[in-house]
>>> print(open('final-v5.pdb').read())   # PDB, C-alpha atoms
ATOM      1  CA  MET U   1      -6.762 -81.001 101.791  1.00  0.00           C
ATOM      2  CA  LYS U   2     -10.385 -79.981 101.274  1.00  0.00           C
ATOM      3  CA  LYS U   3     -11.237 -76.417 102.189  1.00  0.00           C
ATOM      4  CA  GLY U   4     -13.742 -76.098 105.031  1.00  0.00           C
ATOM      5  CA  THR U   5     -12.901 -79.398 106.723  1.00  0.00           C
ATOM      6  CA  LEU U   6     -11.697 -79.578 110.316  1.00  0.00           C
ATOM      7  CA  ALA U   7      -8.252 -80.634 109.108  1.00  0.00           C
ATOM      8  CA  PHE U   8      -8.088 -77.541 106.870  1.00  0.00           C
ATOM      9  CA  VAL U   9      -9.116 -75.205 109.695  1.00  0.00           C
ATOM     10  CA  VAL U  10      -6.523 -76.722 112.053  1.00  0.00           C
ATOM     11  CA  ALA U  11      -3.801 -76.617 109.381  1.00  0.00           C
ATOM     12  CA  LYS U  12      -4.524 -72.954 108.684  1.00  0.00           C
ATOM     13  CA  LYS U  13      -4.003 -72.148 112.362  1.00  0.00           C
ATOM     14  CA  VAL U  14      -0.868 -74.221 113.058  1.00  0.00           C
ATOM     15  CA  LEU U  15       1.006 -74.703 109.749  1.00  0.00           C
ATOM     16  CA  TRP U  16       2.873 -71.424 110.184  1.00  0.00           C
ATOM     17  CA  ILE U  17       4.218 -72.599 113.536  1.00  0.00           C
ATOM     18  CA  PHE U  18       5.760 -75.698 111.942  1.00  0.00           C
ATOM     19  CA  VAL U  19       7.154 -73.653 109.047  1.00  0.00           C
ATOM     20  CA  ARG U  20       8.661 -71.053 111.385  1.00  0.00           C
ATOM     21  CA  ALA U  21      10.275 -73.702 113.577  1.00  0.00           C
ATOM     22  CA  LEU U  22      11.739 -75.560 110.584  1.00  0.00           C
ATOM     23  CA  THR U  23      12.994 -72.607 108.583  1.00  0.00           C
ATOM     24  CA  ALA U  24      14.607 -70.995 111.626  1.00  0.00           C
ATOM     25  CA  THR U  25      17.147 -73.846 111.603  1.00  0.00           C
ATOM     26  CA  LEU U  26      18.198 -73.402 107.963  1.00  0.00           C
ATOM     27  CA  ARG U  27      21.696 -72.145 107.145  1.00  0.00           C
ATOM     28  CA  VAL U  28      21.357 -69.854 104.137  1.00  0.00           C
ATOM     29  CA  HIS U  29      24.333 -68.866 101.964  1.00  0.00           C
ATOM     30  CA  ARG U  30      23.837 -66.201  99.287  1.00  0.00           C
ATOM     31  CA  VAL U  31      25.882 -65.678  96.133  1.00  0.00           C
ATOM     32  CA  ASN U  32      25.953 -62.556  93.938  1.00  0.00           C
ATOM     33  CA  ASP U  33      23.415 -60.690  96.047  1.00  0.00           C
ATOM     34  CA  ALA U  34      25.280 -57.343  96.081  1.00  0.00           C
ATOM     35  CA  ALA U  35      23.081 -55.702  93.422  1.00  0.00           C
ATOM     36  CA  LEU U  36      19.930 -56.941  95.154  1.00  0.00           C
ATOM     37  CA  GLN U  37      21.083 -55.722  98.564  1.00  0.00           C
ATOM     38  CA  ASP U  38      22.165 -52.354  97.146  1.00  0.00           C
ATOM     39  CA  ALA U  39      18.748 -51.857  95.562  1.00  0.00           C
ATOM     40  CA  MET U  40      16.884 -52.774  98.736  1.00  0.00           C
ATOM     41  CA  GLN U  41      19.123 -50.741 101.054  1.00  0.00           C
ATOM     42  CA  SER U  42      18.690 -47.691  98.832  1.00  0.00           C
ATOM     43  CA  GLY U  43      14.928 -47.996  99.256  1.00  0.00           C
ATOM     44  CA  ARG U  44      14.151 -49.301  95.757  1.00  0.00           C
ATOM     45  CA  ASN U  45      11.436 -51.860  95.206  1.00  0.00           C
ATOM     46  CA  VAL U  46      12.525 -55.160  93.658  1.00  0.00           C
ATOM     47  CA  ILE U  47      10.906 -58.272  92.218  1.00  0.00           C
ATOM     48  CA  ILE U  48      12.429 -61.575  93.352  1.00  0.00           C
ATOM     49  CA  ALA U  49      11.496 -64.760  91.481  1.00  0.00           C
ATOM     50  CA  PHE U  50      12.159 -68.349  92.558  1.00  0.00           C
ATOM     51  CA  TRP U  51      10.723 -71.677  91.437  1.00  0.00           C
ATOM     52  CA  HIS U  52       7.529 -72.996  93.000  1.00  0.00           C
ATOM     53  CA  GLY U  53       9.165 -76.215  94.203  1.00  0.00           C
ATOM     54  CA  GLU U  54      11.712 -74.285  96.281  1.00  0.00           C
ATOM     55  CA  MET U  55       9.229 -71.852  97.779  1.00  0.00           C
ATOM     56  CA  LEU U  56       9.624 -72.956 101.391  1.00  0.00           C
ATOM     57  CA  ALA U  57      13.268 -71.875 101.491  1.00  0.00           C
ATOM     58  CA  GLY U  58      12.530 -69.005  99.109  1.00  0.00           C
ATOM     59  CA  TRP U  59       9.802 -67.412 101.206  1.00  0.00           C
ATOM     60  CA  TYR U  60      11.893 -67.774 104.344  1.00  0.00           C
ATOM     61  CA  ALA U  61      15.045 -66.293 102.811  1.00  0.00           C
ATOM     62  CA  HIS U  62      13.232 -63.243 101.425  1.00  0.00           C
ATOM     63  CA  ARG U  63      10.826 -62.555 104.283  1.00  0.00           C
ATOM     64  CA  PRO U  64      10.408 -58.843 105.064  1.00  0.00           C
ATOM     65  CA  LYS U  65      12.966 -57.298 107.371  1.00  0.00           C
ATOM     66  CA  LYS U  66      11.890 -54.761 109.962  1.00  0.00           C
ATOM     67  CA  GLY U  67      10.404 -51.699 108.307  1.00  0.00           C
ATOM     68  CA  ALA U  68      10.281 -53.277 104.834  1.00  0.00           C
ATOM     69  CA  ARG U  69       7.238 -54.307 102.800  1.00  0.00           C
ATOM     70  CA  VAL U  70       7.213 -57.389 100.583  1.00  0.00           C
ATOM     71  CA  THR U  71       4.126 -58.619  98.735  1.00  0.00           C
ATOM     72  CA  ALA U  72       3.604 -62.289  97.813  1.00  0.00           C
ATOM     73  CA  LEU U  73       1.479 -63.496  94.891  1.00  0.00           C
ATOM     74  CA  ILE U  74      -0.437 -66.609  95.996  1.00  0.00           C
ATOM     75  CA  SER U  75      -2.953 -68.707  94.068  1.00  0.00           C
ATOM     76  CA  GLN U  76      -6.664 -68.627  94.864  1.00  0.00           C
ATOM     77  CA  SER U  77      -6.803 -72.349  95.664  1.00  0.00           C
ATOM     78  CA  GLY U  78      -7.368 -73.929  99.058  1.00  0.00           C
ATOM     79  CA  ASP U  79      -3.653 -74.755  99.307  1.00  0.00           C
ATOM     80  CA  GLY U  80      -3.003 -71.119  98.455  1.00  0.00           C
ATOM     81  CA  GLU U  81      -5.144 -70.076 101.408  1.00  0.00           C
ATOM     82  CA  LEU U  82      -2.992 -72.170 103.745  1.00  0.00           C
ATOM     83  CA  LEU U  83       0.162 -70.640 102.297  1.00  0.00           C
ATOM     84  CA  ALA U  84      -1.286 -67.135 102.476  1.00  0.00           C
ATOM     85  CA  ALA U  85      -2.001 -67.530 106.194  1.00  0.00           C
ATOM     86  CA  THR U  86       1.551 -68.761 106.776  1.00  0.00           C
ATOM     87  CA  LEU U  87       3.135 -65.906 104.825  1.00  0.00           C
ATOM     88  CA  GLU U  88       1.091 -63.306 106.648  1.00  0.00           C
ATOM     89  CA  HIS U  89       2.609 -64.632 109.883  1.00  0.00           C
ATOM     90  CA  MET U  90       6.035 -64.151 108.255  1.00  0.00           C
ATOM     91  CA  GLY U  91       5.197 -60.510 107.628  1.00  0.00           C
ATOM     92  CA  TYR U  92       4.284 -60.654 103.940  1.00  0.00           C
ATOM     93  CA  THR U  93       1.454 -58.732 102.343  1.00  0.00           C
ATOM     94  CA  VAL U  94      -0.508 -61.300 100.301  1.00  0.00           C
ATOM     95  CA  VAL U  95      -2.095 -60.832  96.877  1.00  0.00           C
ATOM     96  CA  ARG U  96      -4.390 -63.651  95.745  1.00  0.00           C
ATOM     97  CA  GLY U  97      -4.396 -64.546  92.042  1.00  0.00           C
ATOM     98  CA  SER U  98      -2.567 -66.559  89.369  1.00  0.00           C
ATOM     99  CA  SER U  99      -2.136 -66.986  85.632  1.00  0.00           C
ATOM    100  CA  HIS U 100      -5.134 -69.352  85.644  1.00  0.00           C
ATOM    101  CA  ARG U 101      -7.721 -67.511  87.727  1.00  0.00           C
ATOM    102  CA  GLY U 102      -7.776 -63.838  88.535  1.00  0.00           C
ATOM    103  CA  GLY U 103      -4.556 -63.202  86.624  1.00  0.00           C
ATOM    104  CA  LYS U 104      -5.461 -59.751  85.282  1.00  0.00           C
ATOM    105  CA  GLU U 105      -6.722 -58.629  88.659  1.00  0.00           C
ATOM    106  CA  ALA U 106      -3.594 -60.001  90.327  1.00  0.00           C
ATOM    107  CA  MET U 107      -1.370 -58.095  87.881  1.00  0.00           C
ATOM    108  CA  GLN U 108      -3.194 -54.888  88.718  1.00  0.00           C
ATOM    109  CA  LEU U 109      -2.867 -55.557  92.451  1.00  0.00           C
ATOM    110  CA  MET U 110       0.860 -56.253  92.065  1.00  0.00           C
ATOM    111  CA  GLU U 111       1.308 -53.006  90.160  1.00  0.00           C
ATOM    112  CA  GLU U 112      -0.521 -51.202  92.947  1.00  0.00           C
ATOM    113  CA  ALA U 113       1.652 -52.889  95.581  1.00  0.00           C
ATOM    114  CA  ILE U 114       4.848 -51.803  93.843  1.00  0.00           C
ATOM    115  CA  GLY U 115       3.415 -48.330  93.351  1.00  0.00           C
ATOM    116  CA  SER U 116       2.731 -48.090  97.080  1.00  0.00           C
ATOM    117  CA  GLY U 117       6.337 -48.919  97.980  1.00  0.00           C
ATOM    118  CA  SER U 118       6.355 -52.716  98.284  1.00  0.00           C
ATOM    119  CA  SER U 119       8.780 -55.219  96.830  1.00  0.00           C
ATOM    120  CA  LEU U 120       7.413 -58.482  95.419  1.00  0.00           C
ATOM    121  CA  CYS U 121       8.194 -62.196  95.572  1.00  0.00           C
ATOM    122  CA  ILE U 122       6.752 -64.465  92.886  1.00  0.00           C
ATOM    123  CA  THR U 123       6.972 -68.107  91.788  1.00  0.00           C
ATOM    124  CA  PRO U 124       6.882 -67.745  87.986  1.00  0.00           C
ATOM    125  CA  ASP U 125       6.162 -71.414  87.204  1.00  0.00           C
ATOM    126  CA  GLY U 126       3.221 -71.616  89.609  1.00  0.00           C
ATOM    127  CA  PRO U 127       0.620 -72.491  90.535  1.00  0.00           C
ATOM    128  CA  THR U 128       0.406 -75.677  88.444  1.00  0.00           C
ATOM    129  CA  GLY U 129       3.439 -75.684  86.192  1.00  0.00           C
ATOM    130  CA  PRO U 130       4.944 -76.923  84.031  1.00  0.00           C
ATOM    131  CA  PRO U 131       7.896 -76.936  86.431  1.00  0.00           C
ATOM    132  CA  HIS U 132      10.743 -74.542  85.664  1.00  0.00           C
ATOM    133  CA  VAL U 133       8.858 -72.973  82.755  1.00  0.00           C
ATOM    134  CA  MET U 134       8.734 -69.244  83.369  1.00  0.00           C
ATOM    135  CA  LYS U 135       5.462 -67.496  82.742  1.00  0.00           C
ATOM    136  CA  MET U 136       5.438 -63.939  81.429  1.00  0.00           C
ATOM    137  CA  GLY U 137       4.012 -62.177  84.489  1.00  0.00           C
ATOM    138  CA  ALA U 138       7.243 -61.294  86.317  1.00  0.00           C
ATOM    139  CA  VAL U 139       8.945 -60.029  83.153  1.00  0.00           C
ATOM    140  CA  ARG U 140       5.923 -57.990  82.076  1.00  0.00           C
ATOM    141  CA  LEU U 141       5.520 -56.494  85.556  1.00  0.00           C
ATOM    142  CA  SER U 142       9.204 -55.574  85.736  1.00  0.00           C
ATOM    143  CA  GLN U 143       9.157 -53.834  82.372  1.00  0.00           C
ATOM    144  CA  LYS U 144       5.832 -52.092  82.966  1.00  0.00           C
ATOM    145  CA  THR U 145       6.786 -50.681  86.372  1.00  0.00           C
ATOM    146  CA  GLY U 146      10.525 -50.226  85.853  1.00  0.00           C
ATOM    147  CA  THR U 147      11.206 -52.439  88.861  1.00  0.00           C
ATOM    148  CA  PRO U 148      14.392 -54.560  88.727  1.00  0.00           C
ATOM    149  CA  LEU U 149      13.757 -58.304  88.492  1.00  0.00           C
ATOM    150  CA  PHE U 150      16.167 -60.672  90.236  1.00  0.00           C
ATOM    151  CA  LEU U 151      16.144 -64.442  89.724  1.00  0.00           C
ATOM    152  CA  ALA U 152      16.981 -66.609  92.745  1.00  0.00           C
ATOM    153  CA  GLY U 153      18.265 -70.104  92.017  1.00  0.00           C
ATOM    154  CA  ILE U 154      17.816 -72.131  95.207  1.00  0.00           C
ATOM    155  CA  ALA U 155      19.350 -75.477  96.191  1.00  0.00           C
ATOM    156  CA  VAL U 156      18.823 -77.314  99.469  1.00  0.00           C
ATOM    157  CA  GLY U 157      21.312 -79.793 100.912  1.00  0.00           C
ATOM    158  CA  LYS U 158      19.365 -82.328 102.979  1.00  0.00           C
ATOM    159  CA  LYS U 159      15.762 -82.444 101.857  1.00  0.00           C
ATOM    160  CA  LYS U 160      12.678 -84.466 101.046  1.00  0.00           C
ATOM    161  CA  ASN U 161      10.948 -84.018  97.682  1.00  0.00           C
ATOM    162  CA  LEU U 162       7.226 -84.642  97.496  1.00  0.00           C
ATOM    163  CA  LYS U 163       5.615 -86.466  94.566  1.00  0.00           C
ATOM    164  CA  SER U 164       3.957 -83.314  93.262  1.00  0.00           C
ATOM    165  CA  TRP U 165       4.133 -81.570  89.891  1.00  0.00           C
ATOM    166  CA  ASP U 166       6.918 -79.318  91.202  1.00  0.00           C
ATOM    167  CA  SER U 167       8.761 -81.982  93.269  1.00  0.00           C
ATOM    168  CA  PHE U 168       8.121 -79.701  96.243  1.00  0.00           C
ATOM    169  CA  THR U 169      11.181 -79.464  98.469  1.00  0.00           C
ATOM    170  CA  ILE U 170      10.934 -79.768 102.242  1.00  0.00           C
ATOM    171  CA  PRO U 171      14.323 -78.941 103.783  1.00  0.00           C
ATOM    172  CA  MET U 172      15.473 -81.111 106.633  1.00  0.00           C
ATOM    173  CA  PRO U 173      16.200 -79.287 109.916  1.00  0.00           C
ATOM    174  CA  PHE U 174      19.577 -77.495 109.939  1.00  0.00           C
ATOM    175  CA  SER U 175      20.023 -78.066 106.218  1.00  0.00           C
ATOM    176  CA  ARG U 176      22.273 -75.833 104.126  1.00  0.00           C
ATOM    177  CA  VAL U 177      20.571 -73.645 101.540  1.00  0.00           C
ATOM    178  CA  SER U 178      22.462 -71.992  98.693  1.00  0.00           C
ATOM    179  CA  ILE U 179      20.869 -69.105  96.781  1.00  0.00           C
ATOM    180  CA  CYS U 180      22.502 -67.789  93.607  1.00  0.00           C
ATOM    181  CA  TYR U 181      21.124 -64.511  92.278  1.00  0.00           C
ATOM    182  CA  SER U 182      21.068 -63.105  88.784  1.00  0.00           C
ATOM    183  CA  ASN U 183      21.946 -59.544  87.953  1.00  0.00           C
ATOM    184  CA  PRO U 184      18.841 -57.447  87.243  1.00  0.00           C
ATOM    185  CA  VAL U 185      16.996 -58.875  84.247  1.00  0.00           C
ATOM    186  CA  ARG U 186      16.820 -56.179  81.579  1.00  0.00           C
ATOM    187  CA  PRO U 187      16.053 -56.266  77.846  1.00  0.00           C
ATOM    188  CA  VAL U 188      18.654 -55.146  75.347  1.00  0.00           C
ATOM    189  CA  ASP U 189      17.748 -53.123  72.268  1.00  0.00           C
ATOM    190  CA  GLY U 190      15.402 -54.982  69.964  1.00  0.00           C
ATOM    191  CA  GLU U 191      14.454 -57.730  72.421  1.00  0.00           C
ATOM    192  CA  SER U 192      10.812 -58.616  72.876  1.00  0.00           C
ATOM    193  CA  LEU U 193       9.295 -59.581  76.216  1.00  0.00           C
ATOM    194  CA  GLU U 194       9.293 -63.188  75.019  1.00  0.00           C
ATOM    195  CA  ASP U 195      13.033 -62.940  74.321  1.00  0.00           C
ATOM    196  CA  VAL U 196      13.578 -61.647  77.861  1.00  0.00           C
ATOM    197  CA  ARG U 197      11.371 -64.388  79.324  1.00  0.00           C
ATOM    198  CA  ALA U 198      13.229 -67.139  77.431  1.00  0.00           C
ATOM    199  CA  LYS U 199      16.643 -65.801  78.473  1.00  0.00           C
ATOM    200  CA  ALA U 200      15.485 -65.549  82.072  1.00  0.00           C
ATOM    201  CA  GLU U 201      14.370 -69.179  81.986  1.00  0.00           C
ATOM    202  CA  GLU U 202      17.808 -70.198  80.721  1.00  0.00           C
ATOM    203  CA  SER U 203      19.465 -68.079  83.416  1.00  0.00           C
ATOM    204  CA  PHE U 204      17.380 -69.841  86.053  1.00  0.00           C
ATOM    205  CA  ALA U 205      18.770 -73.208  84.943  1.00  0.00           C
ATOM    206  CA  ALA U 206      22.353 -71.951  85.241  1.00  0.00           C
ATOM    207  CA  LEU U 207      21.668 -70.423  88.671  1.00  0.00           C
ATOM    208  CA  ILE U 208      20.198 -73.694  89.922  1.00  0.00           C
ATOM    209  CA  ARG U 209      23.242 -75.642  88.704  1.00  0.00           C
ATOM    210  CA  SER U 210      25.553 -73.214  90.469  1.00  0.00           C
ATOM    211  CA  ALA U 211      23.512 -73.357  93.681  1.00  0.00           C
ATOM    212  CA  GLU U 212      23.469 -77.154  93.628  1.00  0.00           C
ATOM    213  CA  GLN U 213      27.239 -77.279  93.186  1.00  0.00           C
ATOM    214  CA  ARG U 214      27.825 -74.826  96.008  1.00  0.00           C
ATOM    215  CA  VAL U 215      25.504 -76.528  98.453  1.00  0.00           C
ATOM    216  CA  SER U 216      27.241 -79.853  97.786  1.00  0.00           C
ATOM    217  CA  GLU U 217      30.603 -78.253  98.591  1.00  0.00           C
ATOM    218  CA  GLN U 218      29.536 -76.636 101.867  1.00  0.00           C
TER
END
>>> encode(input="final-v5.pdb", output="structure tokens")
Amino acid sequence: MKKGTLAFVVAKKVLWIFVRALTATLRVHRVNDAALQDAMQSGRNVIIAFWHGEMLAGWYAHRPKKGARVTALISQSGDGELLAATLEHMGYTVVRGSSHRGGKEAMQLMEEAIGSGSSLCITPDGPTGPPHVMKMGAVRLSQKTGTPLFLAGIAVGKKKNLKSWDSFTIPMPFSRVSICYSNPVRPVDGESLEDVRAKAEESFAALIRSAEQRVSEQ
């Protein structure tokens, strides 16, 4: 959708209403979220990563609770502007930037957000892929700020997948959603950031498989 057109202006004003109505019907089941919940309830900031194609369920499931602050990293594209407007209605603080344009500035803004007491949600294969290939940003930010990074593998029961680079998932109303979380991603002695990134990418694949199995059993 071209930025500045009437359709774009209308979509920016009403998309969040559709998203809110749809996501409110979803039935979300979480697995291995104790460490994440403990960190958040103790007042610690966290970084939560989920794949770009599952962002609709991901943003909904991790929306800020009352009194909490969560920042979302969104691309600087026109589509990103639509998403940013929707997330602001969900209560997110939005940072605009990506690994393609404005990446260094976005990293600085994310560091500032965490430093000011905000948690962060990020889609580490966005904004243009390749799908399920984790970029370095989340790992680097976690290590630089000392903020625990949690991976969220998301599977949706009844859904429609768009013909986009990320096979974007639109959950059907009242669909089941399973989210399997990793333990905090931490390097062991001698590991480089690339080692951590590669292991996290492998962990994502296992989490997705587990989530898909669980959602099929529900």
>>> atom_distance(input="final-v5.pdb", atom1="CA of Cys180 in chain U", atom2="CA of Gly58 in chain U")
11.5 Å
>>> residues_near_point(input="final-v5.pdb", point="(19.5, -53.9, 85.5)", cutoff="10 Å", atoms="only C-alpha atoms", output="mmCIF file with C-alpha atoms, in the frame of the given file")
data_model
loop_
_atom_site.group_PDB
_atom_site.id
_atom_site.type_symbol
_atom_site.label_atom_id
_atom_site.label_comp_id
_atom_site.auth_asym_id
_atom_site.auth_seq_id
_atom_site.Cartn_x
_atom_site.Cartn_y
_atom_site.Cartn_z
ATOM 1 C CA ALA U 35 23.081 -55.702 93.422
ATOM 2 C CA GLY U 146 10.525 -50.226 85.853
ATOM 3 C CA THR U 147 11.206 -52.439 88.861
ATOM 4 C CA PRO U 148 14.392 -54.560 88.727
ATOM 5 C CA LEU U 149 13.757 -58.304 88.492
ATOM 6 C CA PHE U 150 16.167 -60.672 90.236
ATOM 7 C CA SER U 182 21.068 -63.105 88.784
ATOM 8 C CA ASN U 183 21.946 -59.544 87.953
ATOM 9 C CA PRO U 184 18.841 -57.447 87.243
ATOM 10 C CA VAL U 185 16.996 -58.875 84.247
ATOM 11 C CA ARG U 186 16.820 -56.179 81.579
ATOM 12 C CA PRO U 187 16.053 -56.266 77.846
#
>>> atom_distance(input="final-v5.pdb", atom1="CA of Leu82 in chain U", atom2="CA of Arg20 in chain U")
14.0 Å
>>> residues_around(input="final-v5.pdb", residues="range 158-162 of chain U", least_positions_apart="6", cutoff="7 Å", atoms="only C-alpha atoms", output="number ranges by chain")
U: 168-172, 175
>>> closest_atom_pairs(input="final-v5.pdb", of="range 102-157 of chain U", to="range 66-78 of chain U", cutoff="9 Å", atoms="all atoms listed in the file", output="tab-separated table")
residue	atom	partner	partner_atom	distance
U:Gly102	CA	U:Gln76	CA	8.0
U:Ala106	CA	U:Leu73	CA	7.7
U:Met110	CA	U:Thr71	CA	7.8
U:Ala113	CA	U:Thr71	CA	7.0
U:Ile114	CA	U:Thr71	CA	8.4
U:Gly117	CA	U:Arg69	CA	7.3
U:Ser118	CA	U:Arg69	CA	4.9
U:Ser119	CA	U:Val70	CA	4.6
U:Leu120	CA	U:Thr71	CA	4.7
U:Cys121	CA	U:Ala72	CA	5.1
U:Ile122	CA	U:Leu73	CA	5.7
U:Thr123	CA	U:Leu73	CA	7.8
U:Gly126	CA	U:Ser75	CA	8.2
U:Pro127	CA	U:Ser75	CA	6.3
>>> write_last_selection(input="final-v5.pdb", atoms="C-alpha atoms", output="PDB file, in the coordinates of the input")
ATOM      1  CA  GLY U 102      -7.776 -63.838  88.535  1.00  0.00           C
ATOM      2  CA  ALA U 106      -3.594 -60.001  90.327  1.00  0.00           C
ATOM      3  CA  MET U 110       0.860 -56.253  92.065  1.00  0.00           C
ATOM      4  CA  ALA U 113       1.652 -52.889  95.581  1.00  0.00           C
ATOM      5  CA  ILE U 114       4.848 -51.803  93.843  1.00  0.00           C
ATOM      6  CA  GLY U 117       6.337 -48.919  97.980  1.00  0.00           C
ATOM      7  CA  SER U 118       6.355 -52.716  98.284  1.00  0.00           C
ATOM      8  CA  SER U 119       8.780 -55.219  96.830  1.00  0.00           C
ATOM      9  CA  LEU U 120       7.413 -58.482  95.419  1.00  0.00           C
ATOM     10  CA  CYS U 121       8.194 -62.196  95.572  1.00  0.00           C
ATOM     11  CA  ILE U 122       6.752 -64.465  92.886  1.00  0.00           C
ATOM     12  CA  THR U 123       6.972 -68.107  91.788  1.00  0.00           C
ATOM     13  CA  GLY U 126       3.221 -71.616  89.609  1.00  0.00           C
ATOM     14  CA  PRO U 127       0.620 -72.491  90.535  1.00  0.00           C
TER      15      PRO U 127
END
>>> closest_residue(input="final-v5.pdb", among="U:Gln143, U:Leu109, U:Pro173, U:Asp79", to="Phe18 in chain U", atoms="all atoms listed in the file")
U:Pro173
>>> atom_distance(input="final-v5.pdb", atom1="CA of Gly153 in chain U", atom2="CA of Ala85 in chain U")
24.9 Å
>>> residues_around(input="final-v5.pdb", residues="Glu212 in chain U", least_positions_apart="2", cutoff="10 Å", atoms="all atoms listed in the file", output="MDAnalysis selection string")
chainID U and resid 153:157 177:180 206:210 214:217
>>> closest_residue(input="final-v5.pdb", among="U:Val188, U:Leu36, U:Leu83, U:Met134", to="His62 in chain U", atoms="all atoms listed in the file")
U:Leu36
>>> closest_residue(input="final-v5.pdb", among="U:Ala200, U:Ala152, U:Glu191, U:Ser167", to="Arg30 in chain U", atoms="all atoms listed in the file")
U:Ala152
>>> closest_residue(input="final-v5.pdb", among="U:Leu15, U:Val139, U:Val133, U:Val196", to="Gly53 in chain U", atoms="only C-alpha atoms")
U:Val133
>>> residues_near_point(input="final-v5.pdb", point="(1.4, -70.7, 108.1)", cutoff="10 Å", atoms="only C-alpha atoms", output="PyMOL selection string")
chain U and resi 11-20+81-90
>>> closest_residue(input="final-v5.pdb", among="U:Leu141, U:Lys65, U:Ser42, U:Ser203", to="Tyr181 in chain U", atoms="all atoms listed in the file")
U:Ser203
>>> axis_aligned_box(input="final-v5.pdb", around="range 4-10 of chain U", padding_each_side="4 Å", output="lines of an AutoDock Vina configuration file")
center_x = -10.1
center_y = -77.9
center_z = 108.5
size_x = 15.2
size_y = 13.4
size_z = 15.0
>>> closest_residue(input="final-v5.pdb", among="U:Gln108, U:Leu56, U:Gly91, U:Gly129", to="Ser164 in chain U", atoms="all atoms listed in the file")
U:Gly129
>>> resolve_selection(input="final-v5.pdb", expression="the PyMOL selection byres ((chain U and resi 197) around 9)", output="count of residues only")
16
>>> decode(input="final-v5.pdb", residues="range 89-133 of chain U", atoms="C-alpha atoms", output="compact mmCIF listing (two decimals), in the first residue's frame")
# COMPACT_ATOMS: atom_id res chain seq x y z
CA HIS U 89 -2.78 1.61 20.27
CA MET U 90 -1.73 -1.63 22.00
CA GLY U 91 0.37 0.37 24.43
CA TYR U 92 3.83 -0.17 22.93
CA THR U 93 6.51 2.48 22.70
CA VAL U 94 7.74 2.38 19.08
CA VAL U 95 11.31 2.75 17.81
CA ARG U 96 11.67 3.13 14.04
CA GLY U 97 14.69 1.51 12.38
CA SER U 98 16.02 -1.77 10.98
CA SER U 99 19.18 -3.58 9.92
CA HIS U 100 18.80 -2.03 6.45
CA ARG U 101 18.07 1.63 7.18
CA GLY U 102 18.74 3.47 10.39
CA GLY U 103 20.15 0.37 12.07
CA LYS U 104 22.84 2.11 14.14
CA GLU U 105 20.42 4.78 15.26
CA ALA U 106 17.83 2.14 16.12
CA MET U 107 20.38 0.22 18.22
CA GLN U 108 21.17 3.37 20.15
CA LEU U 109 17.47 4.08 20.69
CA MET U 110 16.89 0.52 21.90
CA GLU U 111 19.77 0.84 24.34
CA GLU U 112 18.26 4.08 25.60
CA ALA U 113 14.84 2.44 25.95
CA ILE U 114 16.26 -0.40 28.04
CA GLY U 115 18.28 2.08 30.06
CA SER U 116 15.11 4.02 30.84
CA GLY U 117 13.34 0.94 32.20
CA SER U 118 11.61 -0.55 29.14
CA SER U 119 11.55 -4.13 27.94
CA LEU U 120 11.83 -4.80 24.20
CA CYS U 121 10.14 -6.95 21.56
CA ILE U 122 11.97 -7.58 18.29
CA THR U 123 11.54 -9.65 15.12
CA PRO U 124 15.15 -10.71 14.43
CA ASP U 125 14.59 -11.89 10.84
CA GLY U 126 12.85 -8.67 9.78
CA PRO U 127 12.14 -6.53 7.98
CA THR U 128 12.86 -8.38 4.72
CA GLY U 129 14.37 -11.70 5.69
CA PRO U 130 15.59 -14.22 4.89
CA PRO U 131 12.88 -15.91 6.96
CA HIS U 132 13.98 -17.58 10.19
CA VAL U 133 17.55 -16.32 9.81
